[in-house]
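Novice: Data: final32.txt, compact mmCIF, C-alpha atoms and all ligand atoms.
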```txt
# COMPACT_ATOMS: atom_id res chain seq x y z
CA MET A 719 0.00 0.00 0.00
CA SER A 720 1.36 3.37 -0.97
CA LYS A 721 -0.19 5.70 1.46
CA ASN A 722 0.68 9.14 2.65
CA THR A 723 -1.52 11.51 4.50
CA THR A 724 -0.72 14.95 5.79
CA LYS A 725 -1.75 16.18 9.20
CA GLY A 726 -3.26 19.61 9.58
CA GLU A 727 -2.64 20.66 5.98
CA PHE A 728 -4.83 19.07 3.37
CA PRO A 729 -5.04 15.34 3.92
CA PHE A 730 -4.60 13.31 0.77
CA ILE A 731 -3.50 9.78 0.07
CA SER A 732 -1.07 8.99 -2.69
CA TRP A 733 -1.90 5.49 -3.99
CA GLY A 734 0.59 5.73 -6.82
CA SER A 735 3.20 8.36 -7.61
CA ARG A 736 5.29 6.63 -10.26
CA GLY A 737 5.22 8.15 -13.73
CA THR A 738 5.27 6.34 -17.08
CA ALA A 739 5.02 2.71 -15.94
CA PRO A 740 4.63 0.78 -12.67
CA VAL A 741 7.68 -0.87 -11.10
CA SER A 742 8.02 -3.95 -8.87
CA ASP A 743 11.80 -4.14 -8.35
CA PRO A 744 12.23 -4.25 -4.52
CA LYS A 745 14.92 -1.56 -4.90
CA LYS A 746 12.29 0.78 -6.33
CA THR A 747 9.22 0.40 -4.14
CA LYS A 748 10.10 2.29 -0.96
CA TYR A 749 8.06 5.30 -2.10
CA CYS A 750 5.73 3.70 -4.63
CA GLY A 751 5.52 1.14 -7.37
CA ASN A 752 2.14 2.08 -8.80
CA THR A 753 1.43 4.82 -11.32
CA MET A 754 -0.48 8.01 -10.64
CA CYS A 755 -3.56 7.99 -8.41
CA SER A 756 -4.42 10.05 -5.33
CA SER A 757 -7.53 10.60 -3.24
CA LEU A 758 -8.55 13.45 -0.98
CA HIS A 759 -8.89 12.26 2.62
CA ILE A 760 -11.76 14.45 3.77
CA PRO A 761 -15.04 13.84 5.56
CA GLN A 762 -17.73 13.97 2.88
CA LYS A 763 -19.72 11.34 1.01
CA GLU A 764 -18.39 12.35 -2.42
CA ARG A 765 -14.97 10.69 -2.69
CA ILE A 766 -12.59 12.70 -4.83
CA VAL A 767 -9.92 10.79 -6.74
CA ILE A 768 -7.28 12.22 -9.06
CA ASP A 769 -6.24 9.96 -11.94
CA ALA A 770 -6.63 6.25 -12.48
CA GLY A 771 -3.09 4.87 -12.77
CA THR A 772 -2.37 1.44 -11.26
CA GLY A 773 -2.63 2.97 -7.76
CA ILE A 774 -6.42 2.99 -8.20
CA ILE A 775 -6.49 -0.81 -7.96
CA GLU A 776 -5.27 -0.85 -4.34
CA MET A 777 -7.44 2.16 -3.53
CA GLY A 778 -10.47 0.30 -4.90
CA ARG A 779 -9.70 -2.77 -2.78
CA GLN A 780 -9.53 -0.63 0.37
CA PHE A 781 -12.72 1.23 -0.50
CA GLU A 782 -14.43 -2.11 -1.16
CA ASN A 783 -13.38 -3.48 2.23
CA LYS A 784 -14.86 -0.46 3.97
CA LYS A 785 -17.91 -0.34 1.73
CA LYS A 786 -19.95 -3.07 3.42
CA GLY A 787 -22.93 -2.76 1.10
CA LYS A 788 -23.12 1.06 1.10
CA PRO A 789 -23.42 2.79 -2.28
CA TYR A 790 -20.27 4.65 -3.26
CA ASP A 791 -20.13 8.06 -4.93
CA ILE A 792 -16.73 8.45 -6.61
CA HIS A 793 -15.67 11.58 -8.44
CA LEU A 794 -12.68 10.78 -10.63
CA LEU A 795 -10.80 13.80 -11.99
CA LEU A 796 -8.55 13.00 -14.93
CA THR A 797 -5.53 15.18 -15.61
CA HIS A 798 -5.05 13.70 -19.12
CA PHE A 799 -5.20 10.39 -20.96
CA HIS A 800 -1.59 9.23 -21.04
CA LEU A 801 -1.51 5.59 -19.98
CA ASP A 802 0.22 6.05 -16.62
CA HIS A 803 -2.84 8.07 -15.53
CA ILE A 804 -5.59 5.72 -16.71
CA MET A 805 -4.12 2.20 -17.01
CA GLY A 806 -5.55 1.04 -13.67
CA LEU A 807 -9.14 1.73 -14.65
CA PRO A 808 -10.02 -1.68 -16.18
CA PHE A 809 -8.83 -3.30 -12.92
CA PHE A 810 -10.51 -0.83 -10.54
CA PRO A 811 -12.72 -3.10 -8.39
CA LEU A 812 -15.53 -0.54 -8.02
CA LEU A 813 -15.95 -0.31 -11.81
CA TYR A 814 -17.74 -3.64 -11.32
CA SER A 815 -19.94 -2.56 -8.40
CA PRO A 816 -23.55 -1.84 -9.49
CA ASP A 817 -24.24 0.45 -6.51
CA THR A 818 -21.17 2.62 -7.23
CA THR A 819 -21.53 5.80 -9.25
CA ILE A 820 -18.35 7.05 -10.90
CA THR A 821 -18.49 10.62 -12.15
CA PHE A 822 -15.58 11.32 -14.51
CA TYR A 823 -14.25 14.87 -14.95
CA SER A 824 -12.31 15.06 -18.18
CA PRO A 825 -10.26 17.70 -19.99
CA LEU A 826 -11.91 16.45 -23.23
CA PRO A 827 -15.50 16.62 -24.48
CA LEU A 828 -17.90 13.75 -23.71
CA LYS A 829 -17.53 11.84 -26.99
CA LYS A 830 -13.74 11.85 -26.95
CA THR A 831 -13.61 10.93 -23.27
CA LYS A 832 -15.86 7.92 -23.93
CA LYS A 833 -13.70 6.96 -26.90
CA TYR A 834 -10.42 6.99 -24.95
CA LEU A 835 -11.77 5.32 -21.80
CA SER A 836 -13.54 2.64 -23.87
CA GLY A 837 -10.42 2.21 -26.00
CA LEU A 838 -8.56 0.79 -23.00
CA MET A 839 -10.93 -2.16 -22.91
CA ALA A 840 -11.89 -2.38 -26.59
CA GLU A 841 -12.14 -5.54 -28.65
CA LYS A 842 -9.19 -7.86 -28.00
CA TYR A 843 -7.67 -5.78 -25.18
CA PHE A 844 -10.18 -6.86 -22.55
CA PRO A 845 -13.03 -9.39 -22.24
CA LEU A 846 -15.64 -6.76 -21.28
CA ASP A 847 -16.54 -3.37 -22.78
CA PHE A 848 -16.15 -0.28 -20.57
CA GLN A 849 -19.83 0.66 -21.10
CA ASP A 850 -20.96 -2.82 -20.01
CA THR A 851 -19.25 -2.73 -16.61
CA PRO A 852 -21.87 -2.72 -13.81
CA SER A 853 -21.09 0.65 -12.13
CA GLN A 854 -23.11 3.77 -13.02
CA LYS A 855 -21.03 6.19 -15.04
CA ILE A 856 -21.42 9.93 -15.62
CA ILE A 857 -18.98 12.02 -17.67
CA HIS A 858 -18.45 15.79 -17.36
CA LYS A 859 -16.01 17.99 -19.20
CA VAL A 860 -14.01 20.05 -16.68
CA PRO A 861 -15.56 23.53 -16.84
CA PRO A 862 -13.31 26.57 -17.35
CA GLN A 863 -14.69 28.20 -14.20
CA THR A 864 -14.53 27.12 -10.54
CA PHE A 865 -16.75 24.12 -9.77
CA ARG A 866 -17.72 22.16 -6.68
CA ILE A 867 -17.89 18.54 -5.61
CA GLY A 868 -19.63 18.38 -2.25
CA ARG A 869 -17.91 20.98 -0.07
CA VAL A 870 -14.73 21.10 -2.16
CA GLU A 871 -14.10 23.99 -4.52
CA ILE A 872 -12.04 23.11 -7.60
CA ASP A 873 -10.14 25.07 -10.26
CA SER A 874 -8.11 23.74 -13.18
CA PHE A 875 -5.12 25.07 -15.10
CA PRO A 876 -3.57 23.89 -18.42
CA LEU A 877 0.01 22.61 -18.07
CA HIS A 878 2.90 22.38 -20.54
CA HIS A 879 2.71 18.72 -21.55
CA PRO A 880 2.46 16.96 -24.93
CA GLN A 881 -1.26 16.62 -25.81
CA GLY A 882 -2.13 18.70 -22.73
CA CYS A 883 -2.65 18.04 -19.03
CA LEU A 884 -4.62 19.79 -16.30
CA ALA A 885 -3.45 20.89 -12.88
CA TYR A 886 -6.16 20.94 -10.20
CA ARG A 887 -6.48 23.21 -7.19
CA PHE A 888 -8.72 21.99 -4.35
CA LYS A 889 -10.03 24.17 -1.54
CA PHE A 890 -11.69 22.63 1.51
CA GLU A 891 -12.35 24.30 4.87
CA GLY A 892 -9.77 27.00 4.17
CA LYS A 893 -7.02 24.56 3.12
CA THR A 894 -5.64 24.37 -0.40
CA LEU A 895 -3.98 21.53 -2.31
CA VAL A 896 -2.61 21.73 -5.87
CA PHE A 897 -1.78 18.77 -8.11
CA SER A 898 0.59 19.70 -10.93
CA THR A 899 1.95 16.35 -11.96
CA ASP A 900 2.91 16.45 -15.65
CA THR A 901 4.45 19.72 -16.74
CA GLU A 902 7.66 21.18 -18.14
CA HIS A 903 9.20 24.23 -16.51
CA PRO A 904 10.30 27.19 -18.65
CA GLU A 905 13.84 27.47 -20.00
CA LYS A 906 14.59 30.24 -17.53
CA GLY A 907 12.95 31.14 -14.22
CA VAL A 908 9.61 30.03 -12.86
CA ASP A 909 6.30 29.53 -14.73
CA LYS A 910 4.64 32.71 -13.44
CA GLU A 911 1.10 31.68 -14.38
CA LEU A 912 1.47 28.31 -12.67
CA ALA A 913 2.97 30.06 -9.63
CA ALA A 914 -0.11 32.30 -9.50
CA PHE A 915 -2.34 29.19 -9.69
CA CYS A 916 -0.40 27.63 -6.78
CA ARG A 917 -0.25 30.85 -4.74
CA ASP A 918 -0.22 30.22 -0.94
CA ALA A 919 -1.34 26.59 -1.27
CA ASP A 920 -0.82 24.42 1.80
CA ILE A 921 0.44 21.62 -0.43
CA LEU A 922 1.85 21.48 -3.94
CA VAL A 923 2.24 18.05 -5.53
CA TYR A 924 4.73 18.47 -8.38
CA ASP A 925 6.32 16.63 -11.31
CA ALA A 926 9.85 15.51 -10.32
CA THR A 927 10.38 13.04 -13.17
CA PHE A 928 13.98 14.04 -13.92
CA THR A 929 17.02 15.16 -12.02
CA PRO A 930 18.30 18.49 -13.40
CA GLU A 931 21.21 16.55 -15.00
CA ASP A 932 18.99 13.93 -16.69
CA TYR A 933 16.58 16.63 -17.83
CA LEU A 934 19.21 18.11 -20.18
CA ASP A 935 18.67 15.15 -22.57
CA LYS A 936 14.89 15.17 -22.13
CA LYS A 937 13.91 18.74 -22.99
CA GLY A 938 10.52 18.90 -24.67
CA TRP A 939 9.28 15.66 -23.05
CA GLY A 940 6.83 17.67 -20.93
CA HIS A 941 8.29 16.84 -17.52
CA SER A 942 10.14 18.70 -14.81
CA THR A 943 12.74 18.38 -12.05
CA TRP A 944 12.90 18.55 -8.25
CA LEU A 945 14.88 21.77 -8.61
CA ALA A 946 12.18 23.49 -10.68
CA GLY A 947 9.66 22.21 -8.09
CA THR A 948 11.51 23.89 -5.22
CA GLU A 949 11.77 27.15 -7.18
CA LEU A 950 8.06 27.09 -8.00
CA ALA A 951 7.15 26.26 -4.38
CA ALA A 952 9.23 29.18 -3.08
CA GLU A 953 7.89 31.62 -5.68
CA ALA A 954 4.27 30.59 -5.01
CA GLY A 955 4.68 30.69 -1.23
CA VAL A 956 3.36 27.16 -0.68
CA LYS A 957 3.78 25.54 2.73
CA SER A 958 4.80 22.02 1.68
CA LEU A 959 6.09 20.53 -1.53
CA PHE A 960 5.38 16.87 -2.35
CA LEU A 961 7.51 15.56 -5.20
CA SER A 962 5.74 13.04 -7.40
CA HIS A 963 5.63 11.31 -10.83
CA PHE A 964 8.88 9.49 -10.04
CA ASN A 965 10.91 8.12 -12.90
CA PRO A 966 10.59 4.31 -13.29
CA ASP A 967 14.36 4.19 -13.95
CA TYR A 968 15.16 5.67 -10.53
CA ASP A 969 15.64 3.41 -7.52
CA ASP A 970 14.99 4.25 -3.85
CA ARG A 971 18.54 5.52 -3.27
CA LYS A 972 18.25 7.93 -6.15
CA ILE A 973 14.88 9.22 -4.92
CA ASP A 974 16.29 9.52 -1.34
CA GLY A 975 19.01 11.73 -2.85
CA ILE A 976 16.43 13.79 -4.77
CA ILE A 977 14.39 14.47 -1.62
CA LEU A 978 17.50 15.43 0.40
CA SER A 979 18.79 17.73 -2.37
CA ALA A 980 15.36 19.35 -2.67
CA ARG A 981 15.23 19.96 1.08
CA GLU A 982 18.41 22.00 0.87
CA LYS A 983 16.50 24.39 -1.41
CA PHE A 984 13.02 24.11 0.10
CA THR A 985 12.96 22.68 3.62
CA ARG A 986 9.42 21.34 3.68
CA THR A 987 9.87 18.91 0.77
CA PHE A 988 8.46 15.39 0.96
CA ALA A 989 7.88 12.46 -1.34
CA ALA A 990 4.34 11.67 -2.44
CA GLY A 991 3.96 7.96 -1.86
CA LYS A 992 4.44 5.95 1.24
CA LYS A 993 4.82 8.06 4.34
CA ASP A 994 8.08 9.93 4.04
CA GLN A 995 10.84 7.63 5.23
CA ILE A 996 13.74 10.07 5.36
CA LYS A 997 14.19 11.41 8.91
ZN ZN B 1001 2.35 11.01 -16.46
```
Please re-express this file's structure in structure tokens.
Ligand SMILES: [Zn+2]

Specialist:
Amino acid sequence: MSKNTTKGEFPFISWGSRGTAPVSDPKKTKYCGNTMCSSLHIPQKERIVIDAGTGIIEMGRQFENKKKGKPYDIHLLLTHFHLDHIMGLPFFPLLYSPDTTITFYSPLPLKKTKKYLSGLMAEKYFPLDFQDTPSQKIIHKVPPQTFRIGRVEIDSFPLHHPQGCLAYRFKFEGKTLVFSTDTEHPEKGVDKELAAFCRDADILVYDATFTPEDYLDKKGWGHSTWLAGTELAAEAGVKSLFLSHFNPDYDDRKIDGIILSAREKFTRTFAAGKKDQIK
């Protein structure tokens, strides 16, 4: 289980914070093995989930254990359709629960969203069609203006990523959490518009796919570095920075080093994934 909650800030659980592809090498699973999926850990009946990478499978199992016959109301916000953010969906246990309603929030219009979600399970890829799974499904396009799910207020922001990606900003009981998981920083300085979107957030979850050294060969791939994350966090005045979207090529020692280096620049830096294990 890849779990990490935050006390007193904006509690969320990171069920998967690996980018690109899941990993199972024991040298790589201290923080996470699963790909991108998080849930907000707040007291309301609408459960808010961000992305459906392989982390959603474990999340679904835990929800199912606690479910005990109650209907579930899941609100699944998609940042984009790259596989690491949706590949867990066909194996999400609650997709098969008839008394679960899953409301999808998509950056794309209804028809395209249906096409890409169904495509994952189409024809020879899977024995059952997406539309034929027993859960109730509703699809919304993410509106350009602020919207609400239960008592949570939500804004979105377009990131620099091939084929697009959305950042989300959540506000609940005066606390703010921003997910900005797939984005490339500018050549020089900080992305001012993104910094404005993250302004004074309690938590910023940020794309730390590459070390600054490895990034030099990966310009234009749409991903960022721990260093750009610390600069953005400082500029935006956020309280805590959670690095995420870890590179599947990096092992635990390398990620330990990334967190420690980041802390020299921005003290309150943590790893999204299992509860931070660096003292
Ligand atoms: Zn990704």

Novice: Name the residues in contact with A:Glu911 at a cut-off of 10 Å, using all atoms listed in the file, excluding same-chain residues fewer than 3 positions from it; report them as a PyMOL selection string.

Specialist: chain A and resi 875-877+908+914-917+954

Novice: With C-alpha atoms kept, could you save the residues just selected as a PDB file, keeping the file's coordinate frame?

Specialist:
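Output file again_14.pdb follows:
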```pdb
ATOM      1  CA  PHE A 875      -5.120  25.070 -15.100  1.00  0.00           C
ATOM      2  CA  PRO A 876      -3.570  23.890 -18.420  1.00  0.00           C
ATOM      3  CA  LEU A 877       0.010  22.610 -18.070  1.00  0.00           C
ATOM      4  CA  VAL A 908       9.610  30.030 -12.860  1.00  0.00           C
ATOM      5  CA  ALA A 914      -0.110  32.300  -9.500  1.00  0.00           C
ATOM      6  CA  PHE A 915      -2.340  29.190  -9.690  1.00  0.00           C
ATOM      7  CA  CYS A 916      -0.400  27.630  -6.780  1.00  0.00           C
ATOM      8  CA  ARG A 917      -0.250  30.850  -4.740  1.00  0.00           C
ATOM      9  CA  ALA A 954       4.270  30.590  -5.010  1.00  0.00           C
TER      10      ALA A 954
END
```

Novice: Please identify the residues whose atoms come within 8 Å of ligand ZN 1001 (chain B), using all atoms listed in the file, and report them as a PyMOL selection string.

Specialist: chain A and resi 737-738+754+800-803+899-900+963

Novice: Find the residue from A:Asp967, A:Ala951, A:Tyr924, A:Gly837 that sits nearest to A:Asp743; use all atoms listed in the file when measuring.

Specialist: A:Asp967

Novice: From the list A:Gly868, A:Pro904, A:Pro808, A:Gly947, which residue is nearest A:Phe960 when using all atoms listed in the file?

Specialist: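 Once distances to A:Phe960 are computed over all atoms listed in the file, the minimum belongs to A:Gly947.
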
Novice: Distance atom CA of A:Gly787-atom CA of A:Ile867, one decimal place?

Specialist: 22.9 Å

Novice: May I have a table of the residues of stretch 855-897 of chain A lying at most 10 Å from stretch 813-828 of chain A, giving each one's closest pair of atoms and their distance in Å to one decimal, counting all atoms listed in the file, ordered by chain and ascending residue number, as JSON lines?

Specialist:
```
{"residue": "A:Lys855", "atom": "CA", "partner": "A:Ile820", "partner_atom": "CA", "distance": 5.0}
{"residue": "A:Ile856", "atom": "CA", "partner": "A:Thr821", "partner_atom": "CA", "distance": 4.6}
{"residue": "A:Ile857", "atom": "CA", "partner": "A:Phe822", "partner_atom": "CA", "distance": 4.7}
{"residue": "A:His858", "atom": "CA", "partner": "A:Tyr823", "partner_atom": "CA", "distance": 4.9}
{"residue": "A:Lys859", "atom": "CA", "partner": "A:Ser824", "partner_atom": "CA", "distance": 4.8}
{"residue": "A:Val860", "atom": "CA", "partner": "A:Tyr823", "partner_atom": "CA", "distance": 5.5}
{"residue": "A:Pro861", "atom": "CA", "partner": "A:Pro825", "partner_atom": "CA", "distance": 8.5}
{"residue": "A:Pro862", "atom": "CA", "partner": "A:Pro825", "partner_atom": "CA", "distance": 9.7}
{"residue": "A:Ser874", "atom": "CA", "partner": "A:Pro825", "partner_atom": "CA", "distance": 9.4}
{"residue": "A:Pro876", "atom": "CA", "partner": "A:Pro825", "partner_atom": "CA", "distance": 9.2}
{"residue": "A:Gly882", "atom": "CA", "partner": "A:Pro825", "partner_atom": "CA", "distance": 8.6}
{"residue": "A:Cys883", "atom": "CA", "partner": "A:Pro825", "partner_atom": "CA", "distance": 7.7}
{"residue": "A:Leu884", "atom": "CA", "partner": "A:Pro825", "partner_atom": "CA", "distance": 7.1}
```

Novice: Dump C-alpha atoms for the selected residues as a CSV table (one decimal), keeping the file's coordinate frame?

Specialist:
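New file part_1.csv:
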```csv
chain,number,residue,atom,x,y,z
A,855,LYS,CA,-21.0,6.2,-15.0
A,856,ILE,CA,-21.4,9.9,-15.6
A,857,ILE,CA,-19.0,12.0,-17.7
A,858,HIS,CA,-18.4,15.8,-17.4
A,859,LYS,CA,-16.0,18.0,-19.2
A,860,VAL,CA,-14.0,20.0,-16.7
A,861,PRO,CA,-15.6,23.5,-16.8
A,862,PRO,CA,-13.3,26.6,-17.4
A,874,SER,CA,-8.1,23.7,-13.2
A,876,PRO,CA,-3.6,23.9,-18.4
A,882,GLY,CA,-2.1,18.7,-22.7
A,883,CYS,CA,-2.6,18.0,-19.0
A,884,LEU,CA,-4.6,19.8,-16.3
```

Novice: Please indicate the distance in Å from atom CA of A:Asp925 to atom CA of A:Asn965, rounded to one decimal place.

Specialist: 9.8 Å

Novice: Considering all atoms listed in the file, return as a list in words whatever protein or nucleic-acid residues lie within 7 Å of A:Ile977, sequence-local ones (same chain, fewer than 6 positions apart) excluded.

Specialist: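 Returned residues: Thr987, Phe988 and Ala989 of chain A.
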
Novice: A:Lys983: which residues within 12 Å, counting only C-alpha atoms, same-chain residues fewer than 6 positions away excluded, as a ChimeraX atom specification?

Specialist: /A:944-952,959,976-977

Novice: Have a look at A:Pro744, A:Pro789, A:Pro729, A:Gly734 and name the one nearest to A:Ile766; count only C-alpha atoms.

Specialist: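 Selected residue with least distance to A:Ile766: A:Pro729.
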
Novice: Would you mind reading off the distance between atom CA of A:Ile768 and atom CA of A:Thr797, one decimal, in Å?

Specialist: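 We find that atom CA of A:Ile768 and atom CA of A:Thr797 lie 7.4 Å from each other.
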
Novice: Which residues are close to A:Ile774, i.e. within 8 Å by all atoms listed in the file, leaving aside same-chain residues fewer than 2 positions away? Reply as a list in words.

Specialist: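 Counting only the stated atoms, we get Trp733, Gly734, Cys755, Ser756, Asp769, Ala770, Gly771, Thr772, Glu776, Met777, Gly778, Gly806, Leu807 and Phe810 of chain A.
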
Novice: From the set A:Ala926, A:Val956, A:Phe890, A:His879, which residue has the shortest atom-to-atom contact distance to A:Ala913, counting all atoms listed in the file?

Specialist: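 For A:Ala913, the nearest of the candidates is A:Val956.
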
Novice: Point out the residue among A:Val923, A:Ile760, A:Met805, A:Leu912 with the least atom-to-atom distance to A:Ala739, counting all atoms listed in the file.

Specialist: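 Of A:Val923, A:Ile760, A:Met805, A:Leu912, the one nearest A:Ala739, counting all atoms listed in the file, is A:Met805.
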
Novice: Can you tell me, as a list in words, what residues are no more than 6 Å from stretch 893-898 of chain A when counting all atoms listed in the file, ignoring any on the same chain fewer than 4 positions away?

Specialist: Phe728, Ala885, Tyr886, Arg887, Phe888, Lys889, Ala919, Asp920, Ile921, Leu922, Val923 and Tyr924 of chain A
